[in-house]
>>> print(open('my_file_39.txt').read())   # compact mmCIF, C-alpha atoms
# COMPACT_ATOMS: atom_id res chain seq x y z
CA MET A 27 -4.72 -33.31 78.58
CA LYS A 28 -8.19 -31.92 77.86
CA ILE A 29 -8.63 -28.34 76.71
CA LEU A 30 -11.86 -26.33 76.87
CA LEU A 31 -11.99 -23.29 74.59
CA LEU A 32 -14.52 -20.58 75.39
CA SER A 33 -15.69 -18.10 72.74
CA THR A 34 -18.78 -15.89 72.60
CA TYR A 35 -19.37 -16.66 68.95
CA GLU A 36 -18.80 -19.81 66.98
CA LYS A 37 -18.13 -18.35 63.52
CA THR A 38 -18.95 -14.63 63.56
CA GLY A 39 -16.00 -12.23 63.63
CA GLY A 40 -12.24 -12.60 63.45
CA ALA A 41 -11.79 -13.79 67.05
CA ALA A 42 -14.32 -16.60 66.63
CA ILE A 43 -12.75 -17.69 63.35
CA ALA A 44 -9.30 -17.74 64.99
CA ALA A 45 -10.63 -19.81 67.91
CA GLN A 46 -12.26 -22.32 65.55
CA ARG A 47 -9.05 -22.67 63.57
CA LEU A 48 -7.07 -23.29 66.75
CA LEU A 49 -9.62 -25.90 67.89
CA LYS A 50 -9.16 -27.74 64.60
CA ALA A 51 -5.37 -27.43 64.78
CA LEU A 52 -5.19 -28.75 68.35
CA ASN A 53 -7.35 -31.79 67.59
CA ALA A 54 -5.27 -32.50 64.49
CA ASN A 55 -2.10 -32.44 66.59
CA GLY A 56 -3.05 -34.94 69.28
CA VAL A 57 -4.83 -32.67 71.79
CA GLU A 58 -8.36 -33.41 73.01
CA ALA A 59 -10.03 -30.03 72.70
CA THR A 60 -13.64 -28.87 72.70
CA MET A 61 -15.37 -25.50 72.61
CA LEU A 62 -18.36 -23.85 74.26
CA CYS A 63 -19.97 -20.76 72.74
CA ARG A 64 -22.86 -18.57 73.78
CA ARG A 65 -25.26 -20.40 71.49
CA ASN A 66 -24.50 -23.72 73.20
CA LEU A 67 -25.91 -22.53 76.51
CA SER A 68 -29.13 -21.09 77.91
CA TRP A 69 -29.26 -18.13 80.29
CA TRP A 70 -32.42 -18.17 82.43
CA ARG A 71 -35.36 -20.59 82.13
CA GLY A 72 -34.17 -21.69 78.73
CA LYS A 73 -33.85 -18.16 77.33
CA PRO A 74 -31.19 -17.66 74.63
CA GLN A 75 -27.84 -16.51 75.96
CA SER A 76 -28.07 -13.34 73.85
CA TRP A 77 -30.54 -11.88 76.37
CA SER A 78 -27.63 -11.30 78.73
CA SER A 79 -25.97 -9.18 76.06
CA ILE A 80 -29.13 -7.09 75.72
CA TRP A 81 -29.22 -6.55 79.48
CA GLU A 82 -25.56 -5.53 79.50
CA ARG A 83 -26.18 -3.04 76.66
CA ALA A 84 -29.09 -1.58 78.64
CA VAL A 85 -26.90 -1.02 81.69
CA VAL A 86 -24.17 0.57 79.56
CA PHE A 87 -26.69 2.92 77.94
CA CYS A 88 -28.27 3.90 81.26
CA ASN A 89 -24.85 4.80 82.64
CA THR A 90 -23.63 6.73 79.60
CA LEU A 91 -26.88 7.92 77.96
CA SER A 92 -25.03 7.50 74.67
CA ARG A 93 -25.17 5.07 71.76
CA LYS A 94 -21.74 6.02 70.45
CA ARG A 95 -19.82 3.29 72.31
CA LEU A 96 -22.70 0.93 72.96
CA TRP A 97 -20.98 -2.00 71.24
CA SER A 98 -17.34 -1.03 71.71
CA VAL A 99 -17.29 -1.55 75.50
CA ASP A 100 -18.18 -4.41 77.83
CA ILE A 101 -18.77 -4.42 81.58
CA ALA A 102 -19.33 -8.20 81.93
CA ASN A 103 -22.07 -7.74 84.51
CA CYS A 104 -23.96 -10.90 83.51
CA GLY A 105 -23.47 -14.10 81.57
CA GLN A 106 -23.42 -17.90 81.72
CA ASP A 107 -21.81 -19.89 84.53
CA VAL A 108 -19.78 -22.34 82.43
CA THR A 109 -18.23 -23.84 85.58
CA LYS A 110 -21.42 -25.92 86.00
CA THR A 111 -20.97 -27.72 82.69
CA ARG A 112 -19.58 -31.19 82.16
CA GLU A 113 -17.02 -29.83 79.71
CA PHE A 114 -15.60 -27.51 82.37
CA ARG A 115 -15.40 -30.24 85.03
CA GLU A 116 -13.53 -32.58 82.69
CA ALA A 117 -11.08 -30.01 81.33
CA ASP A 118 -7.50 -29.65 82.52
CA VAL A 119 -6.99 -26.27 80.85
CA ILE A 120 -9.56 -23.52 80.40
CA HIS A 121 -8.71 -21.44 77.35
CA LEU A 122 -10.63 -18.18 77.04
CA HIS A 123 -10.85 -16.30 73.76
CA TRP A 124 -13.23 -13.38 73.04
CA VAL A 125 -15.86 -13.91 75.76
CA SER A 126 -17.64 -10.54 75.95
CA GLN A 127 -21.18 -9.36 75.10
CA GLY A 128 -22.98 -11.43 77.66
CA PHE A 129 -21.14 -14.74 77.47
CA LEU A 130 -18.92 -14.68 80.57
CA SER A 131 -19.46 -12.31 83.47
CA LEU A 132 -16.65 -11.16 85.71
CA ARG A 133 -18.20 -13.32 88.43
CA THR A 134 -17.83 -16.41 86.21
CA ILE A 135 -14.25 -15.48 85.31
CA GLU A 136 -13.54 -15.28 89.04
CA LYS A 137 -14.96 -18.78 89.53
CA ILE A 138 -12.78 -20.06 86.67
CA VAL A 139 -9.65 -18.61 88.30
CA ARG A 140 -10.67 -19.96 91.73
CA SER A 141 -11.18 -23.46 90.29
CA GLY A 142 -7.43 -24.08 90.33
CA LYS A 143 -7.42 -25.19 86.70
CA ARG A 144 -4.77 -23.92 84.32
CA VAL A 145 -6.13 -20.74 82.67
CA VAL A 146 -4.98 -19.38 79.31
CA TRP A 147 -6.60 -16.31 77.78
CA THR A 148 -6.00 -15.38 74.14
CA MET A 149 -6.45 -11.63 73.73
CA HIS A 150 -7.95 -10.68 70.39
CA ASP A 151 -8.08 -7.08 71.60
CA GLU A 152 -7.15 -5.13 74.77
CA TRP A 153 -10.24 -5.82 76.91
CA ALA A 154 -8.86 -8.59 79.14
CA LEU A 155 -6.09 -6.38 80.51
CA ASP A 156 -7.83 -3.03 80.17
CA THR A 157 -11.03 -1.63 81.68
CA ILE A 158 -14.20 -1.71 79.56
CA TYR A 159 -12.66 -0.93 76.17
CA HIS A 160 -11.84 -3.49 73.49
CA TYR A 161 -9.47 -1.05 71.82
CA THR A 162 -8.14 2.08 73.51
CA TYR A 163 -7.87 3.94 70.19
CA GLY A 164 -9.66 7.26 70.76
CA THR A 165 -10.57 6.57 74.41
CA GLU A 166 -7.82 8.51 76.17
CA ASP A 167 -10.22 11.12 77.58
CA GLN A 168 -13.22 8.86 78.07
CA GLN A 169 -12.52 7.05 81.33
CA CYS A 170 -15.66 6.85 83.46
CA ARG A 171 -17.06 5.38 86.67
CA MET A 172 -17.91 2.09 84.91
CA ALA A 173 -14.32 1.78 83.67
CA ARG A 174 -12.89 2.31 87.14
CA ARG A 175 -15.28 -0.20 88.68
CA VAL A 176 -14.51 -2.91 86.11
CA PHE A 177 -10.78 -2.29 86.50
CA GLU A 178 -11.07 -2.85 90.28
CA GLN A 179 -13.06 -6.05 89.75
CA LYS A 180 -10.53 -7.42 87.29
CA HIS A 181 -7.64 -6.49 89.56
CA ALA A 182 -9.21 -8.43 92.43
CA ILE A 183 -9.85 -11.47 90.22
CA TYR A 184 -6.37 -11.60 88.73
CA SER A 185 -4.79 -11.40 92.18
CA LEU A 186 -6.37 -14.78 93.00
CA GLY A 187 -4.12 -16.76 90.66
CA ARG A 188 -1.91 -16.64 87.61
CA ILE A 189 -3.33 -16.46 84.11
CA THR A 190 -1.27 -16.83 80.96
CA PHE A 191 -2.40 -14.08 78.63
CA VAL A 192 -1.63 -14.76 74.98
CA THR A 193 -1.63 -11.98 72.43
CA CYS A 194 -1.81 -12.68 68.72
CA SER A 195 0.79 -10.03 67.94
CA LYS A 196 4.00 -8.80 69.52
CA TRP A 197 2.57 -5.28 69.29
CA LEU A 198 -0.33 -6.15 71.60
CA ARG A 199 2.00 -8.16 73.87
CA ASP A 200 4.23 -5.13 74.40
CA ILE A 201 1.24 -2.86 75.07
CA SER A 202 -0.33 -5.39 77.44
CA ARG A 203 2.80 -5.95 79.50
CA ARG A 204 2.78 -2.26 80.40
CA LYS A 205 -0.81 -2.30 81.68
CA PRO A 206 -1.32 -2.33 85.48
CA LEU A 207 -3.52 -5.43 85.29
CA ALA A 208 -0.64 -7.42 83.78
CA GLU A 209 1.44 -7.15 86.95
CA GLY A 210 2.21 -10.65 88.23
CA GLN A 211 0.76 -12.30 85.11
CA GLU A 212 2.48 -13.95 82.16
CA VAL A 213 1.94 -12.30 78.77
CA VAL A 214 3.27 -14.07 75.66
CA ALA A 215 2.70 -13.75 71.91
CA ILE A 216 1.45 -16.63 69.76
CA PRO A 217 -0.04 -15.90 66.31
CA ASN A 218 -3.30 -17.21 64.93
CA CYS A 219 -3.16 -20.13 62.52
CA ILE A 220 -4.71 -20.83 59.14
CA ASP A 221 -5.54 -23.85 56.99
CA ALA A 222 -3.12 -23.29 54.14
CA ASN A 223 -4.69 -26.16 52.18
CA LEU A 224 -8.00 -24.30 52.05
CA PHE A 225 -6.54 -20.83 51.53
CA ARG A 226 -4.16 -21.37 48.65
CA PRO A 227 -3.19 -19.70 45.37
CA THR A 228 -5.36 -20.30 42.31
CA PRO A 229 -4.28 -19.37 38.78
CA HIS A 230 -6.34 -16.47 37.43
CA GLU A 231 -6.13 -13.70 34.90
CA ARG A 232 -4.53 -10.63 36.45
CA ARG A 233 -6.81 -7.59 36.24
CA LYS A 234 -5.38 -5.50 39.11
CA ARG A 235 -8.31 -6.27 41.40
CA ILE A 236 -7.85 -4.89 44.92
CA LEU A 237 -9.79 -6.30 47.87
CA PHE A 238 -10.67 -4.70 51.21
CA VAL A 239 -12.49 -6.71 53.91
CA ALA A 240 -14.03 -5.56 57.20
CA GLN A 241 -16.91 -6.92 59.24
CA ASN A 242 -18.03 -3.31 59.76
CA VAL A 243 -16.77 -0.95 57.07
CA ASN A 244 -18.24 1.99 59.03
CA ASP A 245 -15.95 1.38 62.01
CA VAL A 246 -13.65 4.43 62.04
CA ARG A 247 -10.79 2.22 63.24
CA LYS A 248 -10.92 0.25 59.95
CA GLY A 249 -9.82 3.36 58.02
CA MET A 250 -12.31 3.12 55.14
CA ARG A 251 -11.94 6.86 54.50
CA TYR A 252 -8.29 6.35 53.49
CA LEU A 253 -9.25 3.72 50.93
CA GLU A 254 -11.85 6.12 49.54
CA GLN A 255 -9.15 8.81 49.28
CA VAL A 256 -6.94 6.40 47.34
CA GLU A 257 -9.80 5.53 45.00
CA ARG A 258 -10.37 9.24 44.30
CA MET A 259 -6.64 9.75 43.67
CA PHE A 260 -6.51 6.97 41.09
CA LYS A 261 -9.70 8.22 39.42
CA GLU A 262 -8.36 11.77 39.16
CA GLN A 263 -4.76 10.93 38.30
CA GLU A 264 -5.08 7.78 36.22
CA GLY A 265 -8.66 7.75 34.98
CA GLY A 266 -9.74 5.01 37.38
CA ALA A 267 -9.85 2.27 34.78
CA LYS A 268 -6.47 0.84 35.73
CA TYR A 269 -7.53 -0.51 39.14
CA GLU A 270 -10.68 -2.26 40.35
CA PHE A 271 -11.48 -1.79 44.06
CA ILE A 272 -13.76 -4.32 45.78
CA ALA A 273 -14.83 -3.80 49.40
CA LEU A 274 -16.48 -6.74 51.13
CA GLY A 275 -19.28 -5.24 53.19
CA ARG A 276 -19.73 -2.27 50.87
CA ASP A 277 -19.72 -3.51 47.28
CA ILE A 278 -20.63 -7.12 48.03
CA PRO A 279 -22.45 -8.67 51.01
CA TYR A 280 -20.66 -10.51 53.81
CA ILE A 281 -19.65 -14.06 52.80
CA SER A 282 -20.10 -16.69 55.52
CA ASP A 283 -19.00 -19.70 53.45
CA VAL A 284 -15.27 -20.09 54.12
CA ARG A 285 -14.60 -21.87 50.83
CA LYS A 286 -16.25 -19.09 48.85
CA MET A 287 -14.20 -16.60 50.84
CA ALA A 288 -11.01 -18.46 49.97
CA GLU A 289 -12.03 -18.42 46.30
CA LEU A 290 -12.66 -14.67 46.49
CA TYR A 291 -9.19 -14.00 47.91
CA ALA A 292 -7.53 -16.22 45.31
CA SER A 293 -9.26 -14.30 42.48
CA MET A 294 -7.73 -11.00 43.62
CA ASP A 295 -4.37 -9.44 42.80
CA LEU A 296 -3.87 -7.36 45.96
CA PHE A 297 -5.28 -6.98 49.47
CA VAL A 298 -5.28 -3.60 51.18
CA THR A 299 -6.01 -2.89 54.85
CA PRO A 300 -6.12 0.79 55.88
CA SER A 301 -6.78 -0.05 59.56
CA LEU A 302 -5.74 2.58 62.09
CA GLN A 303 -5.38 0.04 64.92
CA ASP A 304 -5.42 -3.73 64.59
CA ASN A 305 -3.99 -6.81 66.28
CA LEU A 306 -3.05 -9.60 63.84
CA PRO A 307 -5.76 -9.46 61.15
CA ASN A 308 -7.01 -12.80 59.87
CA THR A 309 -7.73 -11.07 56.58
CA ILE A 310 -4.06 -10.38 55.89
CA MET A 311 -3.17 -13.97 56.75
CA GLU A 312 -5.92 -15.30 54.47
CA ALA A 313 -4.82 -13.14 51.57
CA MET A 314 -1.15 -14.05 52.00
CA ALA A 315 -2.01 -17.76 52.16
CA CYS A 316 -3.63 -17.34 48.74
CA GLY A 317 -0.44 -15.78 47.42
CA ILE A 318 -1.86 -12.26 47.42
CA PRO A 319 0.52 -9.41 48.36
CA CYS A 320 -0.82 -7.04 51.04
CA VAL A 321 -0.61 -3.30 51.67
CA GLY A 322 -1.35 -1.66 55.02
CA PHE A 323 -0.35 1.08 57.41
CA ASN A 324 2.59 0.79 59.80
CA VAL A 325 0.46 0.21 62.90
CA GLY A 326 -0.40 -2.57 65.36
CA GLY A 327 0.51 -6.09 64.30
CA ILE A 328 0.33 -5.30 60.58
CA PRO A 329 4.11 -4.78 60.05
CA GLU A 330 4.72 -8.12 61.79
CA MET A 331 2.82 -9.80 58.96
CA ILE A 332 3.67 -7.61 55.99
CA ASP A 333 7.42 -7.37 55.41
CA HIS A 334 8.01 -4.11 53.58
CA LYS A 335 8.75 -4.70 49.89
CA VAL A 336 9.26 -8.42 50.60
CA ASN A 337 5.68 -9.76 50.58
CA GLY A 338 3.82 -6.44 50.39
CA TYR A 339 4.14 -2.79 51.29
CA VAL A 340 3.95 -1.06 54.71
CA ALA A 341 2.74 2.51 54.23
CA ARG A 342 3.31 5.44 56.54
CA TYR A 343 0.57 5.74 59.16
CA GLU A 344 -2.52 7.66 58.01
CA ASP A 345 -0.79 8.61 54.75
CA ALA A 346 -3.17 8.00 51.84
CA GLU A 347 -0.50 9.07 49.32
CA ASP A 348 1.91 6.40 50.56
CA LEU A 349 -0.91 3.84 50.67
CA ALA A 350 -1.53 4.57 47.01
CA GLN A 351 2.19 4.29 46.31
CA GLY A 352 2.19 0.89 48.00
CA ILE A 353 -0.63 -0.30 45.77
CA ARG A 354 1.27 0.82 42.68
CA TYR A 355 4.45 -0.88 43.91
CA ALA A 356 2.78 -4.20 44.74
CA LEU A 357 0.88 -4.38 41.45
CA ASP A 358 3.87 -3.47 39.32
CA GLU A 359 4.70 -6.32 36.93
CA GLU A 360 8.31 -6.45 38.13
CA ASN A 361 7.31 -6.85 41.80
CA HIS A 362 4.01 -8.72 41.96
CA GLY A 363 5.18 -12.28 41.34
CA ARG A 364 8.03 -12.05 43.84
CA LEU A 365 5.80 -10.52 46.52
CA ALA A 366 3.08 -13.13 45.97
CA GLU A 367 5.50 -16.05 46.35
CA ALA A 368 7.00 -14.55 49.53
CA ALA A 369 3.54 -13.97 51.00
CA ARG A 370 2.58 -17.63 50.69
CA GLU A 371 5.96 -18.78 52.00
CA LYS A 372 5.64 -16.67 55.16
CA VAL A 373 2.23 -18.13 55.99
CA LEU A 374 3.54 -21.67 55.65
CA ARG A 375 6.52 -20.84 57.84
CA CYS A 376 4.86 -18.78 60.59
CA TYR A 377 1.11 -19.44 60.67
CA SER A 378 0.61 -23.11 59.81
CA GLU A 379 -1.76 -25.13 62.00
CA GLU A 380 1.03 -27.42 63.18
CA ALA A 381 3.42 -24.62 64.12
CA VAL A 382 0.85 -22.62 66.07
CA ALA A 383 -0.72 -25.66 67.75
CA GLN A 384 2.68 -26.71 69.07
CA GLN A 385 3.26 -23.28 70.60
CA TYR A 386 -0.06 -23.55 72.44
CA ILE A 387 0.68 -27.10 73.58
CA ASP A 388 3.94 -25.86 75.08
CA CYS A 389 2.00 -23.02 76.73
CA TYR A 390 -0.53 -25.44 78.27
CA LYS A 391 2.24 -27.62 79.68
CA SER A 392 4.46 -24.86 81.02
>>> encode(input="my_file_39.txt", output="structure tokens")
Amino acid sequence: MKILLLSTYEKTGGAAIAAQRLLKALNANGVEATMLCRRNLSWWRGKPQSWSSIWERAVVFCNTLSRKRLWSVDIANCGQDVTKTREFREADVIHLHWVSQGFLSLRTIEKIVRSGKRVVWTMHDEWALDTIYHYTYGTEDQQCRMARRVFEQKHAIYSLGRITFVTCSKWLRDISRRKPLAEGQEVVAIPNCIDANLFRPTPHERRKRILFVAQNVNDVRKGMRYLEQVERMFKEQEGGAKYEFIALGRDIPYISDVRKMAELYASMDLFVTPSLQDNLPNTIMEAMACGIPCVGFNVGGIPEMIDHKVNGYVARYEDAEDLAQGIRYALDEENHGRLAEAAREKVLRCYSEEAVAQQYIDCYKS
């Protein structure tokens, strides 16, 4: 059985990292898998594939005359025809991941479905079963002509054959099953995996260092303002010297070297994620694999990863006071060691490469 994974990016962003980890896990567990990304392919007369993303952005802007959601929506009006590649012809299963921003057009997705090959689509956000939005947080009153048109195109494509949609969290699975585009399709939940040999605990001096990671700290959905509120609380109430907050993307530049990233996690004492909507964050998994307790809001797939007061703390949604309380609880000397041990144990039990790869193998064969 040959599997072809499709991902817009090779290493940039959480979805690409998850796809790469799955590729490695599949090959390590007896599956012949390969991947095509936007950088592997040309668009027109040898032009880089990214030109199709620029064209798509131009169409979005011309229709909305707004920059506000320029990169948070996709209309998939152009892209690369991967069905012409050798990898596609030889594959038994076509496994889509995050394929937006000019990689796959809706026309190409239609050709993939029409090919008769087994199609699996891992949803790293809501786009595959929604209209043009990757996340519907804050979009309730922003449906437009483009959204209706893309919905109709997707509905026509999905009626041509069955696709197995895989969500990384049970939260997204339950949301997706209720969407009109999911009618007649299979939607299951399989988590991402992680290399627990790379991300592992490292002995270090405890200094109550707290890490926050986001590819774009200015994304409202990432909840940076709540972390800033917590920082102000600690500064006003406790003098600020007791805790050291480090935000990747704000205090230190983005780290692309995965080994350096693993070392950064392992040097911390706590990971906090104030996200207001999220699927199954790789960052939480990475921190837990390093034996770092995590604190986050009770939203999305976060409470599926963080077990309240077992391996971290699940704070009330949008409650900065409770987020601060969670940080205090997790860093307390009586709790920290127990939480850290449980965090690592859960990753080994639920998110190991072997465990997740086997779930996907069963999915391919079903």
>>> residues_near_point(input="my_file_39.txt", point="(-3.3, -7.5, 51.0)", cutoff="8 Å", atoms="all atoms listed in the file", output="PyMOL selection string")
chain A and resi 237-238+296-299+309-310+313-314+318-322+338
>>> residues_near_point(input="my_file_39.txt", point="(-10.2, 1.1, 64.5)", cutoff="7 Å", atoms="only C-alpha atoms", output="list of chain:residue names")
A:Tyr163, A:Asp245, A:Val246, A:Arg247, A:Lys248, A:Gly249, A:Ser301, A:Leu302, A:Gln303, A:Asp304
>>> residues_around(input="my_file_39.txt", residues="range 323-325 of chain A", least_positions_apart="3", cutoff="7 Å", atoms="only C-alpha atoms", output="PyMOL selection string")
chain A and resi 300-303+328-329+340-344
>>> residues_around(input="my_file_39.txt", residues="Gly317 in chain A", least_positions_apart="4", cutoff="7 Å", atoms="all atoms listed in the file", output="number ranges by chain")
A: 226-227, 313, 366-367, 369-370
>>> residues_around(input="my_file_39.txt", residues="Gly210 in chain A", least_positions_apart="4", cutoff="9 Å", atoms="all atoms listed in the file", output="list in words")
Tyr184, Ser185 and Arg188 of chain A
>>> atom_distance(input="my_file_39.txt", atom1="CA of Glu270 in chain A", atom2="CA of Lys234 in chain A")
6.3 Å
>>> atom_distance(input="my_file_39.txt", atom1="CA of Val119 in chain A", atom2="CA of Leu374 in chain A")
27.7 Å
